[in-house]
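*Asks:* For reference, the file input.cif (mmCIF, C-alpha atoms) is included below:
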```
data_query
loop_
_atom_site.group_PDB
_atom_site.id
_atom_site.type_symbol
_atom_site.label_atom_id
_atom_site.label_comp_id
_atom_site.auth_asym_id
_atom_site.auth_seq_id
_atom_site.Cartn_x
_atom_site.Cartn_y
_atom_site.Cartn_z
ATOM 1 C CA MET A 1 -312.498 102.955 -96.190
ATOM 2 C CA GLU A 2 -310.376 99.838 -96.357
ATOM 3 C CA PHE A 3 -309.614 97.700 -99.366
ATOM 4 C CA GLU A 4 -307.997 94.292 -99.534
ATOM 5 C CA PHE A 5 -305.475 94.069 -102.369
ATOM 6 C CA SER A 6 -304.167 90.824 -103.780
ATOM 7 C CA GLY A 7 -302.517 90.943 -107.220
ATOM 8 C CA ASN A 8 -305.158 92.231 -109.601
ATOM 9 C CA ARG A 9 -307.968 91.726 -107.101
ATOM 10 C CA ILE A 10 -309.516 94.308 -104.796
ATOM 11 C CA LYS A 11 -312.025 93.171 -102.213
ATOM 12 C CA PHE A 12 -314.169 95.356 -99.990
ATOM 13 C CA SER A 13 -317.623 95.837 -98.623
ATOM 14 C CA LYS A 14 -319.833 98.869 -98.299
ATOM 15 C CA GLU A 15 -323.447 99.977 -98.215
ATOM 16 C CA LEU A 16 -324.623 99.867 -101.816
ATOM 17 C CA SER A 17 -326.132 102.914 -103.470
ATOM 18 C CA ASP A 18 -328.797 102.698 -106.180
ATOM 19 C CA LEU A 19 -325.974 103.341 -108.657
ATOM 20 C CA ASP A 20 -323.949 100.369 -107.364
ATOM 21 C CA ARG A 21 -327.030 98.142 -107.558
ATOM 22 C CA PHE A 22 -327.688 99.269 -111.132
ATOM 23 C CA VAL A 23 -324.119 98.400 -112.164
ATOM 24 C CA ILE A 24 -324.131 95.026 -110.385
ATOM 25 C CA ASP A 25 -327.472 94.132 -111.966
ATOM 26 C CA LEU A 26 -326.355 94.969 -115.501
ATOM 27 C CA ILE A 27 -323.053 93.176 -115.071
ATOM 28 C CA LYS A 28 -324.923 90.031 -114.049
ATOM 29 C CA ILE A 29 -326.826 90.296 -117.349
ATOM 30 C CA ILE A 30 -323.601 90.807 -119.332
ATOM 31 C CA ASN A 31 -322.054 87.827 -117.563
ATOM 32 C CA LYS A 32 -324.946 85.650 -118.717
ATOM 33 C CA THR A 33 -323.991 86.421 -122.319
ATOM 34 C CA GLY A 34 -320.305 85.630 -121.821
ATOM 35 C CA ILE A 35 -319.333 88.976 -123.385
ATOM 36 C CA LYS A 36 -316.007 90.286 -122.114
ATOM 37 C CA TYR A 37 -316.349 93.747 -120.540
ATOM 38 C CA THR A 38 -314.562 96.321 -118.431
ATOM 39 C CA VAL A 39 -316.116 99.168 -116.456
ATOM 40 C CA ILE A 40 -314.102 102.370 -116.774
ATOM 41 C CA SER A 41 -313.984 106.061 -116.011
ATOM 42 C CA GLY A 42 -316.120 108.058 -113.552
ATOM 43 C CA TYR A 43 -317.962 105.204 -111.873
ATOM 44 C CA ILE A 44 -314.669 103.709 -110.699
ATOM 45 C CA ALA A 45 -313.949 106.718 -108.466
ATOM 46 C CA ILE A 46 -317.526 106.495 -107.182
ATOM 47 C CA LEU A 47 -317.209 102.744 -106.616
ATOM 48 C CA PHE A 48 -314.248 103.384 -104.343
ATOM 49 C CA GLY A 49 -316.091 106.039 -102.373
ATOM 50 C CA ARG A 50 -315.900 109.401 -104.128
ATOM 51 C CA PRO A 51 -319.139 111.146 -103.202
ATOM 52 C CA ARG A 52 -320.359 112.238 -106.589
ATOM 53 C CA VAL A 53 -323.019 111.135 -109.024
ATOM 54 C CA THR A 54 -322.686 110.311 -112.679
ATOM 55 C CA GLU A 55 -325.406 110.213 -115.291
ATOM 56 C CA ASP A 56 -323.771 107.289 -117.048
ATOM 57 C CA VAL A 57 -321.525 104.347 -116.344
ATOM 58 C CA ASP A 58 -318.990 103.733 -119.112
ATOM 59 C CA ILE A 59 -318.202 100.234 -120.194
ATOM 60 C CA PHE A 60 -316.137 98.713 -122.984
ATOM 61 C CA ILE A 61 -317.017 95.360 -124.430
ATOM 62 C CA GLU A 62 -315.104 93.126 -126.814
ATOM 63 C CA ASP A 63 -315.990 93.171 -130.496
ATOM 64 C CA ILE A 64 -319.067 90.975 -130.812
ATOM 65 C CA SER A 65 -321.190 89.503 -133.581
ATOM 66 C CA TYR A 66 -324.770 90.532 -134.267
ATOM 67 C CA GLN A 67 -325.976 87.173 -132.909
ATOM 68 C CA GLN A 68 -324.183 87.823 -129.614
ATOM 69 C CA PHE A 69 -325.700 91.288 -129.425
ATOM 70 C CA LYS A 70 -329.185 89.984 -130.226
ATOM 71 C CA ASN A 71 -328.856 87.517 -127.363
ATOM 72 C CA PHE A 72 -327.753 90.342 -125.024
ATOM 73 C CA PHE A 73 -330.612 92.540 -126.272
ATOM 74 C CA GLY A 74 -333.112 89.754 -125.543
ATOM 75 C CA ILE A 75 -331.876 89.146 -121.994
ATOM 76 C CA ILE A 76 -331.636 92.830 -121.101
ATOM 77 C CA SER A 77 -335.193 93.459 -122.364
ATOM 78 C CA GLU A 78 -336.531 90.535 -120.317
ATOM 79 C CA LYS A 79 -334.930 91.988 -117.197
ATOM 80 C CA GLY A 80 -336.723 95.333 -117.481
ATOM 81 C CA TYR A 81 -334.096 97.438 -119.243
ATOM 82 C CA ASN A 82 -334.177 99.131 -122.608
ATOM 83 C CA PHE A 83 -331.809 101.097 -124.808
ATOM 84 C CA LEU A 84 -332.369 104.825 -125.014
ATOM 85 C CA ASN A 85 -330.962 105.166 -128.531
ATOM 86 C CA SER A 86 -333.275 102.758 -130.324
ATOM 87 C CA SER A 87 -335.552 99.812 -129.733
ATOM 88 C CA ASP A 88 -334.319 97.982 -132.821
ATOM 89 C CA PRO A 89 -331.396 95.599 -132.170
ATOM 90 C CA GLU A 90 -330.199 95.781 -135.781
ATOM 91 C CA ASP A 91 -330.134 99.584 -135.642
ATOM 92 C CA LEU A 92 -328.300 99.533 -132.307
ATOM 93 C CA PHE A 93 -325.722 97.075 -133.533
ATOM 94 C CA HIS A 94 -324.983 98.357 -137.027
ATOM 95 C CA ASN A 95 -325.576 102.109 -136.680
ATOM 96 C CA TYR A 96 -324.271 102.615 -133.154
ATOM 97 C CA LEU A 97 -322.024 99.898 -131.736
ATOM 98 C CA LYS A 98 -320.228 99.125 -134.998
ATOM 99 C CA GLU A 99 -319.873 102.845 -135.711
ATOM 100 C CA SER A 100 -318.135 103.383 -132.335
ATOM 101 C CA ILE A 101 -321.154 105.180 -130.901
ATOM 102 C CA GLY A 102 -322.151 104.214 -127.389
ATOM 103 C CA ILE A 103 -325.536 102.629 -126.730
ATOM 104 C CA ARG A 104 -327.221 103.537 -123.454
ATOM 105 C CA ALA A 105 -329.065 100.987 -121.365
ATOM 106 C CA ALA A 106 -331.398 102.131 -118.593
ATOM 107 C CA LYS A 107 -334.293 100.764 -116.573
ATOM 108 C CA THR A 108 -337.396 101.010 -118.720
ATOM 109 C CA GLY A 109 -339.085 104.345 -117.988
ATOM 110 C CA SER A 110 -335.987 106.092 -116.690
ATOM 111 C CA VAL A 111 -332.770 107.560 -118.075
ATOM 112 C CA PHE A 112 -330.675 107.951 -114.925
ATOM 113 C CA PRO A 113 -328.491 106.141 -114.357
ATOM 114 C CA ASN A 114 -327.677 104.623 -117.710
ATOM 115 C CA MET A 115 -324.847 102.438 -118.897
ATOM 116 C CA GLU A 116 -323.009 103.607 -122.000
ATOM 117 C CA ILE A 117 -321.685 100.558 -123.795
ATOM 118 C CA LYS A 118 -319.009 100.809 -126.486
ATOM 119 C CA ILE A 119 -316.906 98.290 -128.352
ATOM 120 C CA ALA A 120 -313.219 98.563 -127.463
ATOM 121 C CA LYS A 121 -311.661 99.819 -130.692
ATOM 122 C CA THR A 122 -308.433 101.735 -130.080
ATOM 123 C CA GLY A 123 -305.185 100.256 -128.804
ATOM 124 C CA LEU A 124 -305.719 101.642 -125.313
ATOM 125 C CA ASP A 125 -309.371 100.521 -125.233
ATOM 126 C CA LYS A 126 -308.079 97.028 -125.862
ATOM 127 C CA VAL A 127 -305.387 97.430 -123.208
ATOM 128 C CA SER A 128 -308.234 98.298 -120.790
ATOM 129 C CA LEU A 129 -310.049 95.135 -121.714
ATOM 130 C CA GLY A 130 -306.917 92.999 -121.603
ATOM 131 C CA ASN A 131 -305.699 94.131 -118.165
ATOM 132 C CA PRO A 132 -308.591 93.309 -115.884
ATOM 133 C CA VAL A 133 -308.781 94.216 -112.238
ATOM 134 C CA PHE A 134 -311.350 92.124 -110.407
ATOM 135 C CA VAL A 135 -313.235 94.083 -107.782
ATOM 136 C CA GLU A 136 -315.223 92.041 -105.289
ATOM 137 C CA LEU A 137 -317.864 94.275 -103.769
ATOM 138 C CA ASN A 138 -320.064 92.591 -101.158
ATOM 139 C CA GLY A 139 -319.449 89.305 -102.985
ATOM 140 C CA ASN A 140 -320.317 90.732 -106.424
ATOM 141 C CA GLU A 141 -317.640 90.852 -109.087
ATOM 142 C CA ILE A 142 -317.096 94.023 -111.099
ATOM 143 C CA ILE A 143 -314.331 93.925 -113.699
ATOM 144 C CA THR A 144 -312.483 97.137 -114.287
ATOM 145 C CA SER A 145 -309.108 97.851 -115.825
ATOM 146 C CA SER A 146 -305.698 98.747 -114.492
ATOM 147 C CA LEU A 147 -306.005 101.679 -112.084
ATOM 148 C CA GLU A 148 -302.779 103.095 -113.503
ATOM 149 C CA LEU A 149 -304.355 103.319 -116.960
ATOM 150 C CA GLN A 150 -307.550 104.817 -115.564
ATOM 151 C CA ILE A 151 -305.598 107.509 -113.724
ATOM 152 C CA ALA A 152 -303.612 108.419 -116.846
ATOM 153 C CA TYR A 153 -306.757 108.386 -118.966
ATOM 154 C CA LYS A 154 -308.558 110.701 -116.544
ATOM 155 C CA LEU A 155 -305.643 113.129 -116.762
ATOM 156 C CA TYR A 156 -305.819 112.912 -120.538
ATOM 157 C CA LEU A 157 -309.561 113.741 -120.549
ATOM 158 C CA GLY A 158 -308.624 116.788 -118.535
ATOM 159 C CA SER A 159 -311.852 118.336 -117.220
ATOM 160 C CA ARG A 160 -311.826 119.428 -113.582
ATOM 161 C CA LYS A 161 -314.021 116.444 -112.670
ATOM 162 C CA ASP A 162 -311.680 114.043 -114.474
ATOM 163 C CA ILE A 163 -308.509 115.446 -112.915
ATOM 164 C CA GLU A 164 -310.146 115.244 -109.494
ATOM 165 C CA ASP A 165 -311.068 111.609 -110.162
ATOM 166 C CA ALA A 166 -307.446 110.907 -111.118
ATOM 167 C CA ARG A 167 -306.182 112.549 -107.916
ATOM 168 C CA PHE A 168 -308.804 110.684 -105.872
ATOM 169 C CA LEU A 169 -307.803 107.260 -107.235
ATOM 170 C CA PHE A 170 -304.126 108.076 -106.969
ATOM 171 C CA LYS A 171 -304.315 109.250 -103.382
ATOM 172 C CA MET A 172 -306.623 106.459 -102.295
ATOM 173 C CA PHE A 173 -304.403 103.716 -103.718
ATOM 174 C CA GLU A 174 -300.968 105.369 -103.827
ATOM 175 C CA SER A 175 -299.208 102.569 -101.962
ATOM 176 C CA ASN A 176 -300.641 99.925 -104.319
ATOM 177 C CA LEU A 177 -299.933 101.613 -107.644
ATOM 178 C CA LYS A 178 -297.056 101.174 -110.074
ATOM 179 C CA TYR A 179 -295.945 104.747 -110.724
ATOM 180 C CA SER A 180 -293.944 103.771 -113.804
ATOM 181 C CA GLU A 181 -297.136 102.378 -115.360
ATOM 182 C CA ILE A 182 -299.021 105.631 -114.803
ATOM 183 C CA GLU A 183 -296.157 107.471 -116.441
ATOM 184 C CA LYS A 184 -296.001 105.026 -119.347
ATOM 185 C CA TYR A 185 -299.707 105.459 -120.118
ATOM 186 C CA ALA A 186 -299.543 109.238 -119.645
ATOM 187 C CA ILE A 187 -296.717 109.436 -122.196
ATOM 188 C CA GLU A 188 -298.682 107.221 -124.581
ATOM 189 C CA LEU A 189 -301.654 109.572 -124.244
ATOM 190 C CA GLY A 190 -299.458 112.665 -124.550
ATOM 191 C CA CYS A 191 -300.538 114.058 -121.196
ATOM 192 C CA GLU A 192 -297.418 113.576 -119.050
ATOM 193 C CA ILE A 193 -297.428 117.296 -118.242
ATOM 194 C CA LYS A 194 -300.585 116.686 -116.239
ATOM 195 C CA LEU A 195 -298.919 114.181 -113.890
ATOM 196 C CA LYS A 196 -298.248 117.161 -111.622
ATOM 197 C CA PHE A 197 -301.951 117.139 -110.775
ATOM 198 C CA LEU A 198 -301.453 113.887 -108.879
ATOM 199 C CA GLY A 199 -299.790 115.912 -106.135
ATOM 200 C CA ALA A 200 -296.663 116.025 -104.050
ATOM 201 C CA GLU A 201 -296.602 112.283 -103.311
ATOM 202 C CA TYR A 202 -296.292 111.540 -107.008
ATOM 203 C CA GLY A 203 -293.435 114.048 -107.311
ATOM 204 C CA LYS A 204 -291.514 112.300 -104.519
ATOM 205 C CA ARG A 205 -291.646 108.925 -106.215
ATOM 206 C CA ILE A 206 -290.490 109.867 -109.730
ATOM 207 C CA MET B 1 -317.120 144.255 -111.629
ATOM 208 C CA GLU B 2 -317.505 140.511 -111.667
ATOM 209 C CA LYS B 3 -314.244 138.634 -111.162
ATOM 210 C CA GLU B 4 -313.084 136.429 -113.997
ATOM 211 C CA TYR B 5 -313.306 132.672 -113.509
ATOM 212 C CA ASP B 6 -309.858 131.415 -112.553
ATOM 213 C CA HIS B 7 -309.607 127.846 -113.821
ATOM 214 C CA ASP B 8 -306.247 127.082 -112.156
ATOM 215 C CA LYS B 9 -307.326 128.411 -108.794
ATOM 216 C CA ASN B 10 -310.569 126.464 -108.930
ATOM 217 C CA LEU B 11 -308.795 123.279 -109.905
ATOM 218 C CA ARG B 12 -306.283 123.745 -107.086
ATOM 219 C CA GLY B 13 -309.133 124.213 -104.634
ATOM 220 C CA GLY B 14 -310.823 121.086 -105.939
ATOM 221 C CA LEU B 15 -307.661 118.995 -105.638
ATOM 222 C CA GLU B 16 -306.991 120.214 -102.112
ATOM 223 C CA PHE B 17 -310.497 119.166 -101.196
ATOM 224 C CA ILE B 18 -309.886 115.694 -102.687
ATOM 225 C CA ASP B 19 -306.800 115.347 -100.450
ATOM 226 C CA ILE B 20 -308.784 116.275 -97.352
ATOM 227 C CA LEU B 21 -311.597 113.956 -98.395
ATOM 228 C CA VAL B 22 -309.330 110.958 -98.967
ATOM 229 C CA ASP B 23 -307.467 111.521 -95.682
ATOM 230 C CA TYR B 24 -310.824 111.491 -93.912
ATOM 231 C CA MET B 25 -312.084 108.465 -95.831
ATOM 232 C CA LYS B 26 -308.964 106.482 -94.967
ATOM 233 C CA ILE B 27 -309.742 106.719 -91.258
ATOM 234 C CA THR B 28 -313.486 106.206 -91.597
ATOM 235 C CA PRO B 29 -314.984 102.692 -91.469
ATOM 236 C CA ASN B 30 -316.414 101.469 -94.789
ATOM 237 C CA ALA B 31 -319.929 101.134 -93.382
ATOM 238 C CA ASP B 32 -320.011 104.709 -92.067
ATOM 239 C CA TRP B 33 -318.565 106.363 -95.137
ATOM 240 C CA SER B 34 -320.546 104.336 -97.660
ATOM 241 C CA ARG B 35 -323.824 104.966 -95.818
ATOM 242 C CA GLN B 36 -323.227 108.675 -96.238
ATOM 243 C CA GLN B 37 -322.157 108.254 -99.858
ATOM 244 C CA ALA B 38 -325.169 106.064 -100.709
ATOM 245 C CA ARG B 39 -327.597 108.571 -99.164
ATOM 246 C CA PHE B 40 -326.110 111.350 -101.261
ATOM 247 C CA ILE B 41 -326.177 109.366 -104.516
ATOM 248 C CA ASN B 42 -329.656 107.970 -103.889
ATOM 249 C CA SER B 43 -331.101 111.382 -103.140
ATOM 250 C CA VAL B 44 -329.834 112.715 -106.476
ATOM 251 C CA LEU B 45 -330.849 109.691 -108.526
ATOM 252 C CA ARG B 46 -334.320 109.435 -107.016
ATOM 253 C CA THR B 47 -335.221 112.900 -108.230
ATOM 254 C CA ALA B 48 -333.312 112.673 -111.496
ATOM 255 C CA ASN B 49 -335.768 111.144 -113.935
ATOM 256 C CA GLN B 50 -337.982 114.180 -114.412
ATOM 257 C CA ASP B 51 -337.877 114.905 -118.113
ATOM 258 C CA ILE B 52 -336.750 111.933 -120.118
ATOM 259 C CA GLU B 53 -337.621 113.456 -123.499
ATOM 260 C CA LEU B 54 -335.557 116.572 -122.779
ATOM 261 C CA TYR B 55 -332.546 114.438 -121.816
ATOM 262 C CA LYS B 56 -332.828 112.433 -125.015
ATOM 263 C CA LYS B 57 -333.003 115.651 -127.037
ATOM 264 C CA VAL B 58 -329.918 117.092 -125.336
ATOM 265 C CA LYS B 59 -327.986 113.858 -125.860
ATOM 266 C CA GLY B 60 -329.154 113.524 -129.454
ATOM 267 C CA ILE B 61 -330.781 110.158 -128.797
#
```
Let's see the structure in the file written out as C-alpha cells.

*Replies:*
Amino acid sequence: MEFEFSGNRIKFSKELSDLDRFVIDLIKIINKTGIKYTVISGYIAILFGRPRVTEDVDIFIEDISYQQFKNFFGIISEKGYNFLNSSDPEDLFHNYLKESIGIRAAKTGSVFPNMEIKIAKTGLDKVSLGNPVFVELNGNEIITSSLELQIAYKLYLGSRKDIEDARFLFKMFESNLKYSEIEKYAIELGCEIKLKFLGAEYGKRI
Amino acid sequence: MEKEYDHDKNLRGGLEFIDILVDYMKITPNADWSRQQARFINSVLRTANQDIELYKKVKGI
C-alpha cells in the first residue's frame, strides 16, 4: 500500500469495501449540513488497510444547535438512514447528543455498520476536531485527526485491539509521524508507559 | 489442566503479527491488498445483520 503525504493531506486509492462506502456516503450527508466533523478510532486503521471489521465508525462533531441537528436528521432520513437510538430528533438531540451519549446512524433495516456520532466535549476531543488530517480516498474526502493523537489515544484505550491499531498506524506511517507529538499526547492521557507497545523503531527515535 | 490465558503473551503475538502484516502491505500494490481487504470486510458485513433487536438490547438502545 502506498500513500501520498503532503502536509496534513494523505492521498491514496484502493478498492472500496462496503464499510468505506458507508463512511463516504454518510460524510457526504454531513458535508451538506456544514457540520464540522472528524472520523476517529478503529475505522482509521481499517481505512489504511488493516484487515479487520468494526461494528461502528466513531465520529466527533462540533457542538451544534437543535436546528442544525434537525436539518441533519431530515437529510439523513431522506437518504435512507435512521438512528438506532430513537426516531425522535428532539429525544436524540437533548437526551443523547447533549448528554454526551453517542447516537448511531445506520441504513434503515440494518445495524451493521453504524456510525456513532458524539459531540466533541473534552479538551482532547476538541484537539481532534481542531487538527484535521484530510484523507483523499479515490477522490472522496474523509476528515480525520492527527495520527499522532489517534495513536496515543489507542494506547490509552488499551484493549488488545486498540494497541494493535496503534502499532499498525505507527508502523505504517512511522517515517511521516512526529514522535514528540505522540509522546506529548501519551503524557497528557497518562499512558506514556504504553509507548513501548509501538515497538523497537519507536525506542530508537526517543 | 487448562492453561491460564496469558494476556502479555497474546498481546506480543498480536503485535508481532501486525509487524509482519505491515511489512507485507508495504510491498503489496494498493489494488491487490485492498481487494483482499474489501472481500474480507464485505463477507462479514453481508452476514452481519441477522438479529437487529438482539443487538439493540445488548447495546441498550

*Asks:* Between CA of Ile24 (chain A) and CA of Thr47 (chain B), measure the distance and give it in Å to one decimal.

*Replies:*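 So the two atoms, CA of Ile24 (chain A) and CA of Thr47 (chain B), lie 21.1 Å apart.
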
*Asks:* Could you tell me which residues the PyMOL selection byres ((chain A) within 6 of (chain B)) grabs in this file, written as a list of chain:residue names?

*Replies:*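 On this input, the PyMOL selection byres ((chain A) within 6 of (chain B)) captures A:Met1, A:Lys14, A:Glu15, A:Ser17, A:Asp18, A:Pro51, A:Val53, A:Asn85, A:Ser110, A:Glu164.
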
*Asks:* Expand the PyMOL selection byres ((chain A and resi 136) around 8) into the individual residues it matches in the shown file, reporting them as a short mmCIF file (atom, residue, chain, number, x, y, z; two decimals) with C-alpha atoms, keeping the file's coordinate frame.

*Replies:*
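Generated file (result_10.cif):
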```
data_model
loop_
_atom_site.label_atom_id
_atom_site.label_comp_id
_atom_site.auth_asym_id
_atom_site.auth_seq_id
_atom_site.Cartn_x
_atom_site.Cartn_y
_atom_site.Cartn_z
CA ARG A 9 -307.97 91.73 -107.10
CA ILE A 10 -309.52 94.31 -104.80
CA LYS A 11 -312.02 93.17 -102.21
CA PHE A 12 -314.17 95.36 -99.99
CA PHE A 134 -311.35 92.12 -110.41
CA VAL A 135 -313.24 94.08 -107.78
CA LEU A 137 -317.86 94.28 -103.77
CA ASN A 138 -320.06 92.59 -101.16
CA GLY A 139 -319.45 89.30 -102.98
CA ASN A 140 -320.32 90.73 -106.42
CA GLU A 141 -317.64 90.85 -109.09
CA ILE A 142 -317.10 94.02 -111.10
#
```

*Asks:* Neighbouring residues of His94 (chain A) were defined as those with any atom within 12 Å, considering only C-alpha atoms; residues of the same chain fewer than 5 positions away were excluded. Please report them as a PyMOL selection string.

*Replies:* chain A and resi 64-67+69-70+86+88-89+99-103+119

*Asks:* Got time to write the residues from that selection, C-alpha atoms, as a PDB file, keeping the file's coordinate frame?

*Replies:*
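File produced: selection-v1.pdb:
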```pdb
ATOM      1  CA  ILE A  64    -319.067  90.975-130.812  1.00  0.00           C
ATOM      2  CA  SER A  65    -321.190  89.503-133.581  1.00  0.00           C
ATOM      3  CA  TYR A  66    -324.770  90.532-134.267  1.00  0.00           C
ATOM      4  CA  GLN A  67    -325.976  87.173-132.909  1.00  0.00           C
ATOM      5  CA  PHE A  69    -325.700  91.288-129.425  1.00  0.00           C
ATOM      6  CA  LYS A  70    -329.185  89.984-130.226  1.00  0.00           C
ATOM      7  CA  SER A  86    -333.275 102.758-130.324  1.00  0.00           C
ATOM      8  CA  ASP A  88    -334.319  97.982-132.821  1.00  0.00           C
ATOM      9  CA  PRO A  89    -331.396  95.599-132.170  1.00  0.00           C
ATOM     10  CA  GLU A  99    -319.873 102.845-135.711  1.00  0.00           C
ATOM     11  CA  SER A 100    -318.135 103.383-132.335  1.00  0.00           C
ATOM     12  CA  ILE A 101    -321.154 105.180-130.901  1.00  0.00           C
ATOM     13  CA  GLY A 102    -322.151 104.214-127.389  1.00  0.00           C
ATOM     14  CA  ILE A 103    -325.536 102.629-126.730  1.00  0.00           C
ATOM     15  CA  ILE A 119    -316.906  98.290-128.352  1.00  0.00           C
TER      16      ILE A 119
END
```

*Asks:* Find, counting all atoms listed in the file, the residue in A:Lys184, A:Arg104, A:Lys118, A:Lys161 that gets nearest to Tyr37 (chain A).

*Replies:* A:Lys118

*Asks:* Between CA of Ala105 (chain A) and CA of Asn82 (chain A), what is the distance, to one decimal in Å?

*Replies:*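 About the pair CA of Ala105 (chain A) and CA of Asn82 (chain A): they are 5.6 Å apart.
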
*Asks:* Can you measure CA of Met172 (chain A) to CA of Val39 (chain A) for me? One decimal in Å is fine.

*Replies:*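 Interatomic distance, CA of Met172 (chain A) to CA of Val39 (chain A): 18.5 Å.
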
*Asks:* With a distance cut-off of 6 Å and only C-alpha atoms, select the neighbouring residues of region 74-81 of chain A, excluding the residue or stretch itself and same-chain residues fewer than 4 positions from it, and output the selection as an mmCIF file with C-alpha atoms, in the frame of the given file.

*Replies:*
```cif
data_model
loop_
_atom_site.group_PDB
_atom_site.id
_atom_site.type_symbol
_atom_site.label_atom_id
_atom_site.label_comp_id
_atom_site.auth_asym_id
_atom_site.auth_seq_id
_atom_site.Cartn_x
_atom_site.Cartn_y
_atom_site.Cartn_z
ATOM 1 C CA ALA A 106 -331.398 102.131 -118.593
ATOM 2 C CA LYS A 107 -334.293 100.764 -116.573
ATOM 3 C CA THR A 108 -337.396 101.010 -118.720
#
```

*Asks:* Apply the PyMOL selection byres ((chain A and resi 155-159) around 8) to the displayed file and report the matching residues as number ranges by chain.

*Replies:* A: 151-154, 160-163, 166, 186, 189-191, 194-195

*Asks:* Leaving out Leu149 (chain A) and any residue of its chain fewer than 4 positions from it, which residues lie within 12 Å of it when counting all atoms listed in the file, given as a PDB file with C-alpha atoms, in the frame of the given file?

*Replies:*
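Once written, part23.pdb looks like this:
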```
ATOM      1  CA  ILE A  40    -314.102 102.370-116.774  1.00  0.00           C
ATOM      2  CA  SER A  41    -313.984 106.061-116.011  1.00  0.00           C
ATOM      3  CA  LEU A 124    -305.719 101.642-125.313  1.00  0.00           C
ATOM      4  CA  ASP A 125    -309.371 100.521-125.233  1.00  0.00           C
ATOM      5  CA  LYS A 126    -308.079  97.028-125.862  1.00  0.00           C
ATOM      6  CA  VAL A 127    -305.387  97.430-123.208  1.00  0.00           C
ATOM      7  CA  SER A 128    -308.234  98.298-120.790  1.00  0.00           C
ATOM      8  CA  LEU A 129    -310.049  95.135-121.714  1.00  0.00           C
ATOM      9  CA  GLY A 130    -306.917  92.999-121.603  1.00  0.00           C
ATOM     10  CA  ASN A 131    -305.699  94.131-118.165  1.00  0.00           C
ATOM     11  CA  PRO A 132    -308.591  93.309-115.884  1.00  0.00           C
ATOM     12  CA  VAL A 133    -308.781  94.216-112.238  1.00  0.00           C
ATOM     13  CA  THR A 144    -312.483  97.137-114.287  1.00  0.00           C
ATOM     14  CA  SER A 145    -309.108  97.851-115.825  1.00  0.00           C
ATOM     15  CA  TYR A 153    -306.757 108.386-118.966  1.00  0.00           C
ATOM     16  CA  LYS A 154    -308.558 110.701-116.544  1.00  0.00           C
ATOM     17  CA  LEU A 155    -305.643 113.129-116.762  1.00  0.00           C
ATOM     18  CA  TYR A 156    -305.819 112.912-120.538  1.00  0.00           C
ATOM     19  CA  ALA A 166    -307.446 110.907-111.118  1.00  0.00           C
ATOM     20  CA  LEU A 169    -307.803 107.260-107.235  1.00  0.00           C
ATOM     21  CA  PHE A 170    -304.126 108.076-106.969  1.00  0.00           C
ATOM     22  CA  LEU A 177    -299.933 101.613-107.644  1.00  0.00           C
ATOM     23  CA  LYS A 178    -297.056 101.174-110.074  1.00  0.00           C
ATOM     24  CA  TYR A 179    -295.945 104.747-110.724  1.00  0.00           C
ATOM     25  CA  SER A 180    -293.944 103.771-113.804  1.00  0.00           C
ATOM     26  CA  GLU A 181    -297.136 102.378-115.360  1.00  0.00           C
ATOM     27  CA  ILE A 182    -299.021 105.631-114.803  1.00  0.00           C
ATOM     28  CA  GLU A 183    -296.157 107.471-116.441  1.00  0.00           C
ATOM     29  CA  LYS A 184    -296.001 105.026-119.347  1.00  0.00           C
ATOM     30  CA  TYR A 185    -299.707 105.459-120.118  1.00  0.00           C
ATOM     31  CA  ALA A 186    -299.543 109.238-119.645  1.00  0.00           C
ATOM     32  CA  ILE A 187    -296.717 109.436-122.196  1.00  0.00           C
ATOM     33  CA  GLU A 188    -298.682 107.221-124.581  1.00  0.00           C
ATOM     34  CA  LEU A 189    -301.654 109.572-124.244  1.00  0.00           C
TER      35      LEU A 189
END
```

*Asks:* Taking into account only C-alpha atoms, which residue in the set A:Asn176, A:Gly123, A:Phe60, A:Gly203 is nearest to Thr38 (chain A)?

*Replies:*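 Closest residue, counting only C-alpha atoms: A:Phe60.
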